[in-house]
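Source file: target.json. Holds: JSON, C-alpha atoms.
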[["chain", "number", "residue", "atom", "x", "y", "z"],
["G", 254, "MET", "CA", 212.55, -135.36, -53.20],
["G", 255, "SER", "CA", 212.55, -137.87, -56.05],
["G", 256, "SER", "CA", 215.41, -137.93, -58.49],
["G", 257, "PHE", "CA", 214.49, -137.41, -62.12],
["G", 258, "HIS", "CA", 216.60, -137.46, -65.24],
["G", 259, "VAL", "CA", 216.37, -135.91, -68.68],
["G", 260, "ARG", "CA", 214.51, -138.35, -70.93],
["G", 261, "ARG", "CA", 216.19, -137.08, -74.12],
["G", 262, "LYS", "CA", 219.87, -137.61, -73.28],
["G", 263, "ASP", "CA", 220.83, -136.01, -76.60],
["G", 264, "ARG", "CA", 219.42, -132.71, -75.26],
["G", 265, "GLU", "CA", 220.84, -132.86, -71.75],
["G", 266, "ILE", "CA", 223.47, -130.32, -70.69],
["G", 267, "THR", "CA", 226.00, -132.02, -68.44],
["G", 268, "ASN", "CA", 228.76, -129.41, -68.55],
["G", 269, "PRO", "CA", 228.48, -127.15, -65.45],
["G", 270, "ASP", "CA", 230.30, -124.33, -67.30],
["G", 271, "GLU", "CA", 227.62, -124.34, -69.99],
["G", 272, "MET", "CA", 224.87, -124.13, -67.36],
["G", 273, "ARG", "CA", 226.66, -121.29, -65.58],
["G", 274, "GLN", "CA", 226.96, -119.46, -68.91],
["G", 275, "VAL", "CA", 223.18, -119.61, -69.31],
["G", 276, "LEU", "CA", 222.72, -118.10, -65.83],
["G", 277, "LYS", "CA", 225.18, -115.32, -66.75],
["G", 278, "THR", "CA", 223.50, -114.44, -70.06],
["G", 279, "THR", "CA", 219.76, -114.69, -69.46],
["G", 280, "ASN", "CA", 217.92, -111.49, -68.67],
["G", 281, "TYR", "CA", 215.39, -113.13, -66.35],
["G", 282, "ILE", "CA", 214.88, -116.15, -64.18],
["G", 283, "THR", "CA", 211.59, -117.55, -62.92],
["G", 284, "ILE", "CA", 211.49, -118.95, -59.42],
["G", 285, "ALA", "CA", 208.86, -121.04, -57.68],
["G", 286, "LEU", "CA", 208.16, -120.45, -54.01],
["G", 287, "ALA", "CA", 205.68, -122.24, -51.75],
["G", 288, "LEU", "CA", 203.73, -121.33, -48.63],
["G", 289, "ASN", "CA", 201.29, -123.70, -46.92],
["G", 290, "ASN", "CA", 201.24, -125.96, -49.98],
["G", 291, "GLU", "CA", 200.37, -122.99, -52.23],
["G", 292, "PRO", "CA", 202.85, -122.38, -55.08],
["G", 293, "TYR", "CA", 203.84, -118.96, -56.37],
["G", 294, "LEU", "CA", 205.90, -118.18, -59.50],
["G", 295, "VAL", "CA", 207.71, -114.91, -60.08],
["G", 296, "SER", "CA", 210.06, -113.75, -62.84],
["G", 297, "LEU", "CA", 213.03, -111.64, -61.80],
["G", 298, "SER", "CA", 215.88, -109.76, -63.36],
["G", 299, "HIS", "CA", 219.02, -111.08, -61.74],
["G", 300, "GLY", "CA", 222.77, -111.29, -61.58],
["G", 301, "TYR", "CA", 224.72, -114.54, -61.36],
["G", 302, "ASP", "CA", 227.85, -114.64, -59.21],
["G", 303, "GLU", "CA", 229.88, -117.58, -60.46],
["G", 304, "ALA", "CA", 232.46, -117.43, -57.66],
["G", 305, "LYS", "CA", 229.76, -117.69, -54.98],
["G", 306, "ASN", "CA", 227.44, -119.86, -57.11],
["G", 307, "CYS", "CA", 224.46, -117.69, -56.29],
["G", 308, "LEU", "CA", 221.87, -115.50, -57.94],
["G", 309, "TYR", "CA", 221.04, -112.00, -56.75],
["G", 310, "PHE", "CA", 217.84, -110.05, -57.36],
["G", 311, "HIS", "CA", 216.29, -106.89, -55.96],
["G", 312, "CYS", "CA", 212.67, -106.29, -55.07],
["G", 313, "ALA", "CA", 210.18, -104.06, -53.30],
["G", 314, "PRO", "CA", 210.38, -103.99, -49.50],
["G", 315, "GLU", "CA", 207.01, -105.73, -49.19],
["G", 316, "GLY", "CA", 204.84, -108.13, -51.12],
["G", 317, "LYS", "CA", 203.91, -111.74, -51.76],
["G", 318, "LYS", "CA", 207.40, -112.81, -52.84],
["G", 319, "LEU", "CA", 208.91, -111.74, -49.51],
["G", 320, "VAL", "CA", 206.14, -113.33, -47.44],
["G", 321, "TYR", "CA", 206.67, -116.64, -49.23],
["G", 322, "ALA", "CA", 210.48, -116.43, -49.07],
["G", 323, "GLN", "CA", 210.51, -115.68, -45.36],
["G", 324, "ALA", "CA", 208.16, -118.58, -44.63],
["G", 325, "ASN", "CA", 210.00, -121.10, -46.83],
["G", 326, "PRO", "CA", 213.46, -120.33, -48.23],
["G", 327, "LEU", "CA", 213.52, -123.31, -50.63],
["G", 328, "VAL", "CA", 213.16, -122.32, -54.29],
["G", 329, "TRP", "CA", 213.12, -123.98, -57.67],
["G", 330, "GLY", "CA", 213.89, -121.92, -60.72],
["G", 331, "GLN", "CA", 214.53, -121.76, -64.42],
["G", 332, "ALA", "CA", 216.66, -119.65, -66.71],
["G", 333, "LEU", "CA", 215.67, -119.81, -70.38],
["G", 334, "LEU", "CA", 217.32, -118.74, -73.61],
["G", 335, "ASP", "CA", 214.47, -118.67, -76.12],
["G", 336, "TYR", "CA", 215.47, -118.96, -79.78],
["G", 337, "GLY", "CA", 211.94, -119.30, -81.12],
["G", 338, "VAL", "CA", 210.39, -121.78, -83.50],
["G", 339, "THR", "CA", 212.49, -123.37, -86.24],
["G", 340, "ASP", "CA", 211.41, -123.86, -89.86],
["G", 341, "ASP", "CA", 210.55, -127.45, -88.90],
["G", 342, "CYS", "CA", 208.17, -126.20, -86.16],
["G", 343, "ASP", "CA", 210.50, -127.36, -83.40],
["G", 344, "TYR", "CA", 211.16, -125.11, -80.46],
["G", 345, "ALA", "CA", 214.80, -124.02, -80.07],
["G", 346, "TYR", "CA", 215.93, -123.21, -76.53],
["G", 347, "THR", "CA", 218.48, -123.70, -73.80],
["G", 348, "SER", "CA", 217.21, -123.97, -70.24],
["G", 349, "VAL", "CA", 218.75, -124.45, -66.84],
["G", 350, "HIS", "CA", 216.73, -125.56, -63.84],
["G", 351, "PHE", "CA", 218.08, -124.97, -60.37],
["G", 352, "SER", "CA", 217.22, -125.41, -56.73],
["G", 353, "GLY", "CA", 218.46, -123.30, -53.89],
["G", 354, "ASN", "CA", 217.93, -121.46, -50.65],
["G", 355, "LEU", "CA", 216.80, -117.84, -50.63],
["G", 356, "PHE", "CA", 218.16, -115.32, -48.14],
["G", 357, "LEU", "CA", 217.55, -111.60, -47.77],
["G", 358, "ILE", "CA", 220.80, -109.68, -47.53],
["G", 359, "THR", "CA", 221.33, -107.20, -44.72],
["G", 360, "ASP", "CA", 225.11, -106.68, -44.91],
["G", 361, "LEU", "CA", 225.81, -103.39, -46.73],
["G", 362, "ALA", "CA", 229.02, -104.60, -48.43],
["G", 363, "GLU", "CA", 227.25, -107.67, -49.79],
["G", 364, "LYS", "CA", 224.32, -105.52, -50.95],
["G", 365, "TRP", "CA", 226.75, -103.37, -52.94],
["G", 366, "HIS", "CA", 228.42, -106.45, -54.43],
["G", 367, "ALA", "CA", 225.01, -107.91, -55.31],
["G", 368, "LEU", "CA", 223.82, -104.69, -56.93],
["G", 369, "GLN", "CA", 227.01, -104.52, -59.01],
["G", 370, "THR", "CA", 226.51, -108.13, -60.10],
["G", 371, "ILE", "CA", 222.91, -107.43, -61.15],
["G", 372, "VAL", "CA", 223.68, -104.18, -62.97],
["G", 373, "TYR", "CA", 226.74, -105.52, -64.81],
["G", 374, "GLN", "CA", 224.69, -108.44, -66.09],
["G", 375, "SER", "CA", 221.61, -106.44, -67.09],
["G", 376, "SER", "CA", 222.79, -103.02, -68.24],
["G", 377, "GLN", "CA", 224.55, -101.69, -71.31],
["G", 378, "THR", "CA", 225.94, -98.83, -69.16],
["G", 379, "PRO", "CA", 226.61, -100.36, -65.74],
["G", 380, "LYS", "CA", 229.18, -97.82, -64.52],
["G", 381, "GLU", "CA", 226.81, -94.92, -65.23],
["G", 382, "LYS", "CA", 223.93, -96.62, -63.44],
["G", 383, "LEU", "CA", 226.01, -97.58, -60.40],
["G", 384, "ALA", "CA", 227.43, -94.06, -60.10],
["G", 385, "LYS", "CA", 223.88, -92.81, -59.47],
["G", 386, "VAL", "CA", 223.28, -95.08, -56.47],
["G", 387, "LYS", "CA", 223.26, -93.07, -53.26],
["G", 388, "PRO", "CA", 224.23, -94.73, -49.94],
["G", 389, "GLU", "CA", 220.78, -94.06, -48.45],
["G", 390, "LYS", "CA", 219.15, -95.88, -51.37],
["G", 391, "LEU", "CA", 221.44, -98.86, -50.89],
["G", 392, "LEU", "CA", 220.42, -99.04, -47.23],
["G", 393, "LYS", "CA", 216.72, -99.28, -48.19],
["G", 394, "LEU", "CA", 217.23, -101.65, -51.11],
["G", 395, "VAL", "CA", 215.91, -105.18, -50.59],
["G", 396, "ILE", "CA", 218.19, -107.73, -52.23],
["G", 397, "GLY", "CA", 217.76, -111.47, -52.20],
["G", 398, "ARG", "CA", 220.40, -114.11, -52.72],
["G", 399, "ILE", "CA", 219.68, -117.63, -53.92],
["G", 400, "ASP", "CA", 222.47, -120.03, -52.96],
["G", 401, "LEU", "CA", 222.31, -122.73, -55.63],
["G", 402, "THR", "CA", 222.25, -126.34, -54.45],
["G", 403, "SER", "CA", 221.70, -128.11, -57.79],
["G", 404, "MET", "CA", 221.45, -127.42, -61.54],
["G", 405, "SER", "CA", 220.37, -129.36, -64.59],
["G", 406, "GLY", "CA", 220.17, -128.27, -68.19],
["G", 407, "LYS", "CA", 218.54, -129.11, -71.46],
["G", 408, "LYS", "CA", 218.76, -127.68, -74.95],
["G", 409, "TYR", "CA", 217.44, -128.18, -78.39],
["G", 410, "LEU", "CA", 220.38, -127.90, -80.74],
["G", 411, "MET", "CA", 219.57, -125.30, -83.33],
["G", 412, "PRO", "CA", 219.90, -126.14, -87.00],
["G", 413, "PRO", "CA", 222.63, -124.11, -88.77],
["G", 414, "ASP", "CA", 220.08, -121.96, -90.66],
["G", 415, "LEU", "CA", 218.34, -120.72, -87.49],
["G", 416, "THR", "CA", 219.71, -117.40, -86.28],
["G", 417, "LEU", "CA", 219.26, -116.02, -82.80],
["G", 418, "ARG", "CA", 216.79, -113.24, -82.55]]
Exercise: express the given structure as structure tokens:
Amino acid sequence: MSSFHVRRKDREITNPDEMRQVLKTTNYITIALALNNEPYLVSLSHGYDEAKNCLYFHCAPEGKKLVYAQANPLVWGQALLDYGVTDDCDYAYTSVHFSGNLFLITDLAEKWHALQTIVYQSSQTPKEKLAKVKPEKLLKLVIGRIDLTSMSGKKYLMPPDLTLR
């Protein structure tokens, strides 16, 4: 794969901690998968595990995403914090692009850890939600893990008068 760089160096994020923070705070990621030279994009709710440098997501036990992932585990993805349009008609954002390898988790202990990671990142009441998970549901749950191999980031620095929505 060719190596590219951010053209606008003033917008590049070089601090890995800042990129990890984006992965921890976004509600969704979008990943690109490919099968037989046919691309497929899908947006997912997720949880980022900083210690393992991976993303977890859950999905239905069948479907296009799983067919693509099982045929080709390489993914490219994006996490985006969207701040909207500024008064100067610029677009304010922070984005992190990443590459990685996708695996489907079968180990029950890792499934539980992954589910906790997802729920703690996405829910206002994670303990209540996790208390409702029955062991038989966990067994049937399909959870994917994306082991990150690279990250790059870019942001448009917001003017002081722009508030987050």
Proximity to Phe351 of chain G - best of G:Gly337, G:Gly330, G:Gly397, G:Pro292, all atoms listed in the file: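 Going through G:Gly337, G:Gly330, G:Gly397, G:Pro292 one by one, the smallest distance to Phe351 of chain G is for G:Gly330.
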Option closest in space to Lys364 of chain G, from G:Glu389, G:Lys382, G:Leu394, G:Thr347 [counting all atoms listed in the file]: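 Checking each of G:Glu389, G:Lys382, G:Leu394, G:Thr347 against Lys364 of chain G, counting all atoms listed in the file, the winner is G:Leu394.
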Coordinates-based distance that separates atom CA of Tyr346 of chain G from atom CA of Leu327 of chain G (Å, one decimal):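 Going from atom CA of Leu327 of chain G over to atom CA of Tyr346 of chain G, I get 26.0 Å.
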Distance of atom CA of Lys407 of chain G from atom CA of His311 of chain G, expressed in Å to one decimal place: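 Those two atoms sit 27.2 Å apart.
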Residue with smallest distance to Pro326 of chain G - pool G:Thr267, G:Ser376, G:Thr359, G:Ser352, counting all atoms listed in the file: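 Answer, going by the shortest atom-to-atom distance: G:Ser352.
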Exercise: residues within 9 Å of coordinate (220.2, -120.6, -70.6), counting all atoms listed in the file, as a list of chain:residue names: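 Within 9 Å of (220.2, -120.6, -70.6), the protein and nucleic acid residues are G:Glu271, G:Met272, G:Arg273, G:Gln274, G:Val275, G:Leu276, G:Lys277, G:Thr278, G:Thr279, G:Gln331, G:Ala332, G:Leu333, G:Leu334, G:Asp335, G:Tyr346, G:Thr347, G:Ser348, G:Val349, G:Gly406, G:Lys407, G:Lys408.
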Atom CA of Asp360 of chain G to atom CA of Pro314 of chain G, distance in Å rounded to a single decimal: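 Atom CA of Pro314 of chain G lies 15.7 Å from atom CA of Asp360 of chain G.
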Spatial neighbours of Tyr309 of chain G, max dist 10 Å, all atoms listed in the file, sep filter under 6 positions, as a VMD selection string: chain G and resid 297 to 302 355 to 358 364 366 to 371 396 to 400
May I have the protein, DNA and RNA residues with any atom at most 9 Å from the point (236.0, -119.0, -63.0), counting all atoms listed in the file, written as a PDB file with C-alpha atoms, in the coordinates of the input?
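Output file selection_34.pdb follows:
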ATOM      1  CA  ASP G 270     230.300-124.330 -67.300  1.00  0.00           C
ATOM      2  CA  GLU G 303     229.880-117.580 -60.460  1.00  0.00           C
ATOM      3  CA  ALA G 304     232.460-117.430 -57.660  1.00  0.00           C
TER       4      ALA G 304
END
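In this comparison, which uses all atoms listed in the file, the residue of G:Met404, G:Ile284, G:Val386, G:Ala345 approaching Trp329 of chain G most closely is G:Ile284.
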Where atoms are missing, can you supply N, CA and C atoms for segment 307-336 of chain G and output the lot as a short mmCIF file (atom, residue, chain, number, x, y, z; two decimals), keeping the file's coordinate frame?
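Result file follows (part.cif):
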data_model
loop_
_atom_site.label_atom_id
_atom_site.label_comp_id
_atom_site.auth_asym_id
_atom_site.auth_seq_id
_atom_site.Cartn_x
_atom_site.Cartn_y
_atom_site.Cartn_z
N CYS G 307 225.75 -118.19 -56.77
CA CYS G 307 224.46 -117.69 -56.29
C CYS G 307 223.88 -116.70 -57.29
N LEU G 308 222.60 -116.48 -57.15
CA LEU G 308 221.87 -115.50 -57.94
C LEU G 308 221.42 -114.38 -57.02
N TYR G 309 221.53 -113.15 -57.50
CA TYR G 309 221.04 -112.00 -56.75
C TYR G 309 219.88 -111.38 -57.51
N PHE G 310 218.93 -110.82 -56.77
CA PHE G 310 217.84 -110.05 -57.36
C PHE G 310 217.44 -108.96 -56.37
N HIS G 311 216.80 -107.92 -56.87
CA HIS G 311 216.29 -106.89 -55.96
C HIS G 311 214.78 -106.83 -56.10
N CYS G 312 214.13 -106.32 -55.06
CA CYS G 312 212.67 -106.29 -55.07
C CYS G 312 212.15 -105.20 -54.15
N ALA G 313 210.84 -105.03 -54.18
CA ALA G 313 210.18 -104.06 -53.30
C ALA G 313 210.31 -104.54 -51.85
N PRO G 314 210.21 -103.62 -50.91
CA PRO G 314 210.38 -103.99 -49.50
C PRO G 314 209.19 -104.74 -48.90
N GLU G 315 208.15 -104.97 -49.68
CA GLU G 315 207.01 -105.73 -49.19
C GLU G 315 206.36 -106.45 -50.36
N GLY G 316 205.56 -107.44 -50.07
CA GLY G 316 204.84 -108.13 -51.12
C GLY G 316 204.85 -109.64 -50.95
N LYS G 317 204.12 -110.29 -51.83
CA LYS G 317 203.91 -111.74 -51.76
C LYS G 317 205.21 -112.52 -51.81
N LYS G 318 206.12 -112.12 -52.69
CA LYS G 318 207.40 -112.81 -52.84
C LYS G 318 208.15 -112.87 -51.51
N LEU G 319 208.18 -111.77 -50.78
CA LEU G 319 208.91 -111.74 -49.51
C LEU G 319 208.20 -112.56 -48.43
N VAL G 320 206.88 -112.53 -48.41
CA VAL G 320 206.14 -113.33 -47.44
C VAL G 320 206.43 -114.81 -47.66
N TYR G 321 206.38 -115.25 -48.91
CA TYR G 321 206.67 -116.64 -49.23
C TYR G 321 208.12 -117.00 -48.90
N ALA G 322 209.05 -116.15 -49.29
CA ALA G 322 210.48 -116.43 -49.07
C ALA G 322 210.82 -116.51 -47.59
N GLN G 323 210.21 -115.66 -46.79
CA GLN G 323 210.51 -115.68 -45.36
C GLN G 323 209.89 -116.90 -44.66
N ALA G 324 208.80 -117.40 -45.22
CA ALA G 324 208.16 -118.58 -44.63
C ALA G 324 208.85 -119.87 -45.06
N ASN G 325 209.38 -119.89 -46.29
CA ASN G 325 210.00 -121.10 -46.83
C ASN G 325 211.10 -120.68 -47.80
N PRO G 326 212.36 -120.82 -47.39
CA PRO G 326 213.46 -120.33 -48.23
C PRO G 326 213.81 -121.24 -49.42
N LEU G 327 213.20 -122.41 -49.53
CA LEU G 327 213.52 -123.31 -50.63
C LEU G 327 212.88 -122.83 -51.92
N VAL G 328 213.67 -122.76 -52.99
CA VAL G 328 213.16 -122.32 -54.29
C VAL G 328 213.56 -123.30 -55.37
N TRP G 329 212.79 -123.28 -56.43
CA TRP G 329 213.12 -123.98 -57.67
C TRP G 329 213.03 -122.93 -58.74
N GLY G 330 213.92 -122.95 -59.71
CA GLY G 330 213.89 -121.92 -60.72
C GLY G 330 214.33 -122.39 -62.08
N GLN G 331 214.14 -121.48 -63.04
CA GLN G 331 214.53 -121.76 -64.42
C GLN G 331 215.07 -120.50 -65.07
N ALA G 332 216.13 -120.68 -65.82
CA ALA G 332 216.66 -119.65 -66.71
C ALA G 332 216.48 -120.19 -68.12
N LEU G 333 216.01 -119.35 -69.04
CA LEU G 333 215.67 -119.81 -70.38
C LEU G 333 216.24 -118.88 -71.43
N LEU G 334 216.93 -119.45 -72.39
CA LEU G 334 217.32 -118.74 -73.61
C LEU G 334 216.37 -119.22 -74.69
N ASP G 335 215.54 -118.34 -75.18
CA ASP G 335 214.47 -118.67 -76.12
C ASP G 335 214.89 -118.25 -77.52
N TYR G 336 215.06 -119.24 -78.41
CA TYR G 336 215.47 -118.96 -79.78
C TYR G 336 214.30 -118.99 -80.76
#
